[in-house]
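Okay, so here's the structure we're looking at.
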Amino acid sequence: MIGATAATTTFINAELWGSDARSLRIEATRISALGARPASGERVLDLGGDRIFPGLINAHDHLQLNGLPHLIYCPRYANASRWISDVKRRLDSDPELIAQRAVSRADRLLLGGIKNILSGVTTVAHHDPLHACLIGSQFPTRVLSQFGWSHSLYLDGAASVRRSHHATPVGQPWIIHAGEGTDAEAAAEFDRLLDLDCITSNTLLVHGIAFSAHQQRLLATACAGLIWCPSSNLNLYGSTPDVSELIALRRIALGSDSRISGGRDLLEELRLAREVSGHDEDTVVPLVTGQAATLLRFADRGVLRQGALADLMVLPAGMSLSQATRADIRLVVLDGRPCYGDWCYAAALDSPENFARVRIDGREKALARAWVQRLAQSPLREPGLEWAAQLRGTPQQRHHHPGGIPA
């Protein structure tokens with residue numbers, strides 16, 4: 001995704017999520033072996049007991065909306081349609097909304113990508129039209145591209161929703177907001193989608209707050225799934241669904257939603273998911289790894305196994321994923337190359353010139369220089385991210401950032 005093809009690297013003295021192996025080898029963009037001894041001439045990185053996870057999967061985000069604060073104008077909404085009406089009424093009067101719309105979509109999407117990679121997310125399901133910059137190799141995360149979607153019944157209408165669903169190949173996920181609210185209108189959306197023949201094995205419904213236990217069982221019986229966004233649910237509606245049965249049936253993935261209604265990132269979402277569900281670490285981690293991959297129809301990510309993508313995240317020894325913050329992350333590897341983490345790990349795996357020294361929430365880190373240079377040229381800023389006052393590069397790439405740190 002960034003830079004040239006990665007070299008063969010073996011991580012040793014590591015704890016691997018879901019495996020008893022203590023080493024992991026990557027060749028180019030794939031995991032080539034678990035438990036292998038380092039071979040002569042290959043690069044070796046001793047993790048000293050640190051934990052390797054697969055790169056996380058965010059099953060629901062609106063990437064271009066993450067530069068805004070919460071857009072919540074009353075204590076509780078009964079239905080998403082009422083919240084959307086509140087936002088629309090302010091599009092031409094709220095200075096923040098006006099300023100945001102003046103920024104290019106590519107810059108807004110970039111900020112959403114930065115938000116995700118800093119939290120260990122290497123794949124995102126973006127619930128909006130695919131912009132060309134999302135598909136290119138220079139975007140900070142992988143973005144789901146083979147899927148069908150509608151926004152919702154209340155915005156798109158039944159006929160359009162049905163056409164979208166039936167046009168989506170059965171081997172690709174079809175995603176729609178549904179049951180987003182606590183009133184009868186939100187509760188009726190499941191049965192309406194059922195009547196439209198839109199509850200099938202590739203259907204993923206986002207939110208589902210209003211769904212009854214019976215509707216959840218029908219969803220599972222159809223081998224469909226629910227994308228759960230507890231922060232957004234609680235912030236807007238004061239309620240989030242009881243998903244215990246769907247978790248047990250492996251029909252749940254976790255999404256962060258955007259910051260206009262959700263939390264800061266997927267790690268914060270995972271902490272909340274564990275808190276409100278009462279489930280243990282082994283139960284909630286699959287919601288952002290293997291279980292999410294299955295529901296989104298990915299066969300090559302969300303797991304640590306031979307042949308899977310070399311998208312990895314490293315946490316300190318003994319730290320659980322649901323306790324971690326983005327400043328705790330020691331390394332993120334995307335497509336076999338380091339892109340974020342502690343300087344000692346990043347610089348051991350790639351040329352130091354490919355990284356900028358940054359602070360994340362006050363902690364010094366390394367971040368791919370190309371992304372920092374692009375963000376420096378944008379009017380948008382990622383909260384908690386500070387970079388050097390002057391970036392090395394051409395004069396056009398130099399940018400003075402108040403509060404930046406020395407190179």
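Starting from 1 in every chain, residues are counted up; chains themselves are A, B, ... following the order of the structure tokens, and ligands are numbered from 1 as listed.
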**Asked** When DSSP works through the backbone of this structure, what residues of segment 59-177 of chain A end up as strand (DSSP E), shown as a list of chain:residue names?
**Response**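 Secondary structure check on segment 59-177 of chain A, strand (DSSP E): A:Ala59, A:His60, A:Asp61, A:Val121, A:Thr122, A:Thr123, A:Val124, A:Ala125, A:His126, A:Arg142, A:Val143, A:Gly148, A:Trp149, A:Trp174, A:Ile175, A:Ile176, A:His177.
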Using only C-alpha atoms, find each residue of segment 78-121 of chain A with at least one atom at most 12 Å away from an atom of segment 48-56 of chain A; report its shortest atom-to-atom pair and that distance in Å (one decimal), sort the rows by chain and rising residue number, and return the result as CSV.
residue,atom,partner,partner_atom,distance
A:Asn116,CA,A:Leu56,CA,9.1
A:Ile117,CA,A:Leu56,CA,9.1
A:Leu118,CA,A:Leu56,CA,10.9
A:Ser119,CA,A:Leu56,CA,8.4
A:Gly120,CA,A:Leu56,CA,5.8
A:Val121,CA,A:Leu56,CA,4.3
Those same residues, written as a short mmCIF file (atom, residue, chain, number, x, y, z; two decimals), in the first residue's frame with N, CA, C and O atoms?
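And here's part.cif as it stands now:
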data_model
loop_
_atom_site.label_atom_id
_atom_site.label_comp_id
_atom_site.auth_asym_id
_atom_site.auth_seq_id
_atom_site.Cartn_x
_atom_site.Cartn_y
_atom_site.Cartn_z
N ASN A 116 -8.50 5.74 11.35
CA ASN A 116 -8.59 4.29 11.46
C ASN A 116 -7.23 3.63 11.60
O ASN A 116 -7.05 2.75 12.45
N ILE A 117 -6.25 4.03 10.80
CA ILE A 117 -4.94 3.37 10.88
C ILE A 117 -4.29 3.61 12.23
O ILE A 117 -3.58 2.74 12.76
N LEU A 118 -4.53 4.78 12.84
CA LEU A 118 -3.95 5.06 14.16
C LEU A 118 -4.53 4.16 15.24
O LEU A 118 -3.93 4.01 16.31
N SER A 119 -5.67 3.56 15.00
CA SER A 119 -6.27 2.65 15.98
C SER A 119 -6.09 1.20 15.58
O SER A 119 -6.76 0.31 16.12
N GLY A 120 -5.18 0.93 14.65
CA GLY A 120 -4.88 -0.44 14.27
C GLY A 120 -5.82 -1.03 13.25
O GLY A 120 -5.74 -2.23 12.94
N VAL A 121 -6.70 -0.21 12.67
CA VAL A 121 -7.65 -0.68 11.66
C VAL A 121 -6.97 -0.67 10.30
O VAL A 121 -6.49 0.37 9.84
#
Practice item. Go ahead and compute the interatomic distance for atom CA of His177 of chain A and atom CA of His207 of chain A, in Å to one decimal. Key: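 Spanning atom CA of His177 of chain A to atom CA of His207 of chain A is a straight-line distance of 6.5 Å.
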Of A:Arg162, A:His127, A:Arg108, A:Arg82, the one sitting nearest Gly255 of chain A when using only C-alpha atoms is A:His127
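Taking only C-alpha atoms into account, Ala188 of chain A lies nearest to A:Leu153 out of the set A:Leu249, A:Leu267, A:Leu45, A:Leu153.
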Can I get the residues of segment 64-133 of chain A within 12 Å of segment 292-298 of chain A, each with the closest pair of atoms and their distance in Å to one decimal, using only C-alpha atoms, sorted chain first then ascending number, as a Markdown table?
| residue | atom | partner | partner_atom | distance |
| --- | --- | --- | --- | --- |
| A:Thr122 | CA | A:Ala293 | CA | 11.7 |
| A:Thr123 | CA | A:Ala293 | CA | 9.3 |
| A:Val124 | CA | A:Leu296 | CA | 10.1 |
| A:Ala125 | CA | A:Leu296 | CA | 8.3 |
| A:His126 | CA | A:Leu296 | CA | 11.7 |
May I have the selected residues written with N, CA, C and O atoms, as a PDB file, in the first residue's frame?
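Generated file (again.pdb):
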ATOM      1  N   THR A 122      -6.931  -1.821   9.639  1.00  0.00           N
ATOM      2  CA  THR A 122      -6.330  -1.909   8.313  1.00  0.00           C
ATOM      3  C   THR A 122      -7.357  -2.140   7.208  1.00  0.00           C
ATOM      4  O   THR A 122      -7.014  -2.047   6.034  1.00  0.00           O
ATOM      5  N   THR A 123      -8.616  -2.430   7.582  1.00  0.00           N
ATOM      6  CA  THR A 123      -9.697  -2.567   6.597  1.00  0.00           C
ATOM      7  C   THR A 123     -10.943  -1.871   7.138  1.00  0.00           C
ATOM      8  O   THR A 123     -11.311  -2.070   8.293  1.00  0.00           O
ATOM      9  N   VAL A 124     -11.587  -1.077   6.278  1.00  0.00           N
ATOM     10  CA  VAL A 124     -12.789  -0.327   6.664  1.00  0.00           C
ATOM     11  C   VAL A 124     -13.905  -0.583   5.652  1.00  0.00           C
ATOM     12  O   VAL A 124     -13.661  -0.590   4.443  1.00  0.00           O
ATOM     13  N   ALA A 125     -15.123  -0.769   6.153  1.00  0.00           N
ATOM     14  CA  ALA A 125     -16.312  -0.751   5.305  1.00  0.00           C
ATOM     15  C   ALA A 125     -16.878   0.665   5.344  1.00  0.00           C
ATOM     16  O   ALA A 125     -17.411   1.095   6.371  1.00  0.00           O
ATOM     17  N   HIS A 126     -16.700   1.396   4.239  1.00  0.00           N
ATOM     18  CA  HIS A 126     -17.130   2.787   4.117  1.00  0.00           C
ATOM     19  C   HIS A 126     -18.536   2.796   3.545  1.00  0.00           C
ATOM     20  O   HIS A 126     -18.761   2.335   2.425  1.00  0.00           O
TER      21      HIS A 126
END
Problem - Ile227 of chain A surroundings by only C-alpha atoms, 6 Å radius, close-in-sequence under 5 positions cut, as a PyMOL selection string - result: chain A and resi 206+252-254
Restricting to only C-alpha atoms, whichever of A:Gln172, A:Thr10, A:Asn58, A:Ser85 is closest to Leu270 of chain A is A:Asn58
Of A:Asp328, A:Asp197, A:Asp191, A:Glu180, the one nearest to Leu236 of chain A when counting only C-alpha atoms is A:Glu180
**Item:** Residues flagged alpha helix (DSSP H) by DSSP in segment 51-283 of chain A, as a PyMOL selection string
**Value:** chain A and resi 80-89+95-102+105-117+132-135+153-156+158-167+184-195+213-221+230-237+244-248+266-277+281-283
One decimal place gives the atom CA of Val103 of chain A-atom CA of Leu380 of chain A separation as 8.1 Å
Of A:Arg217, A:Arg163, A:Arg25, A:His60, the one nearest to Gln306 of chain A when counting only C-alpha atoms is A:Arg25
Contacts of segment 16-22 of chain A at 12 Å (only C-alpha atoms; same-chain gap of 3+ positions) as a PyMOL selection string: chain A and resi 10-13+25+33-38+46-55+281-283+285-286+289-290+302-306+312-321
Exercise for the section: Can you work out the spacing between atom CA of His166 of chain A and atom CA of Cys198 of chain A in Å, to one decimal? Expected result: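 Computing the Euclidean distance for atom CA of His166 of chain A and atom CA of Cys198 of chain A yields 7.8 Å.
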Counting only C-alpha atoms, closest pick from A:Gln216, A:Ser261, A:Ser81, A:Thr141 relative to Pro69 of chain A is A:Ser261
Pick out the residues sitting within 7 Å of Phe147 of chain A, and hand them over as a PDB file with N, CA and C atoms, in the first residue's frame; count only C-alpha atoms, and ignore anything fewer than 4 positions along from it in its own chain.
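Below is the file around26.pdb, written as the result:
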ATOM      1  N   THR A 168     -27.010  -6.856  -6.104  1.00  0.00           N
ATOM      2  CA  THR A 168     -25.763  -7.227  -5.434  1.00  0.00           C
ATOM      3  C   THR A 168     -25.519  -8.729  -5.568  1.00  0.00           C
ATOM      4  N   GLN A 172     -21.251 -11.140  -2.362  1.00  0.00           N
ATOM      5  CA  GLN A 172     -20.807  -9.868  -1.805  1.00  0.00           C
ATOM      6  C   GLN A 172     -21.785  -9.410  -0.732  1.00  0.00           C
ATOM      7  N   PRO A 173     -21.321  -8.716   0.302  1.00  0.00           N
ATOM      8  CA  PRO A 173     -22.248  -8.201   1.322  1.00  0.00           C
ATOM      9  C   PRO A 173     -23.118  -7.078   0.778  1.00  0.00           C
ATOM     10  N   TRP A 174     -24.324  -7.012   1.265  1.00  0.00           N
ATOM     11  CA  TRP A 174     -25.222  -5.887   0.982  1.00  0.00           C
ATOM     12  C   TRP A 174     -25.549  -5.234   2.320  1.00  0.00           C
TER      13      TRP A 174
END
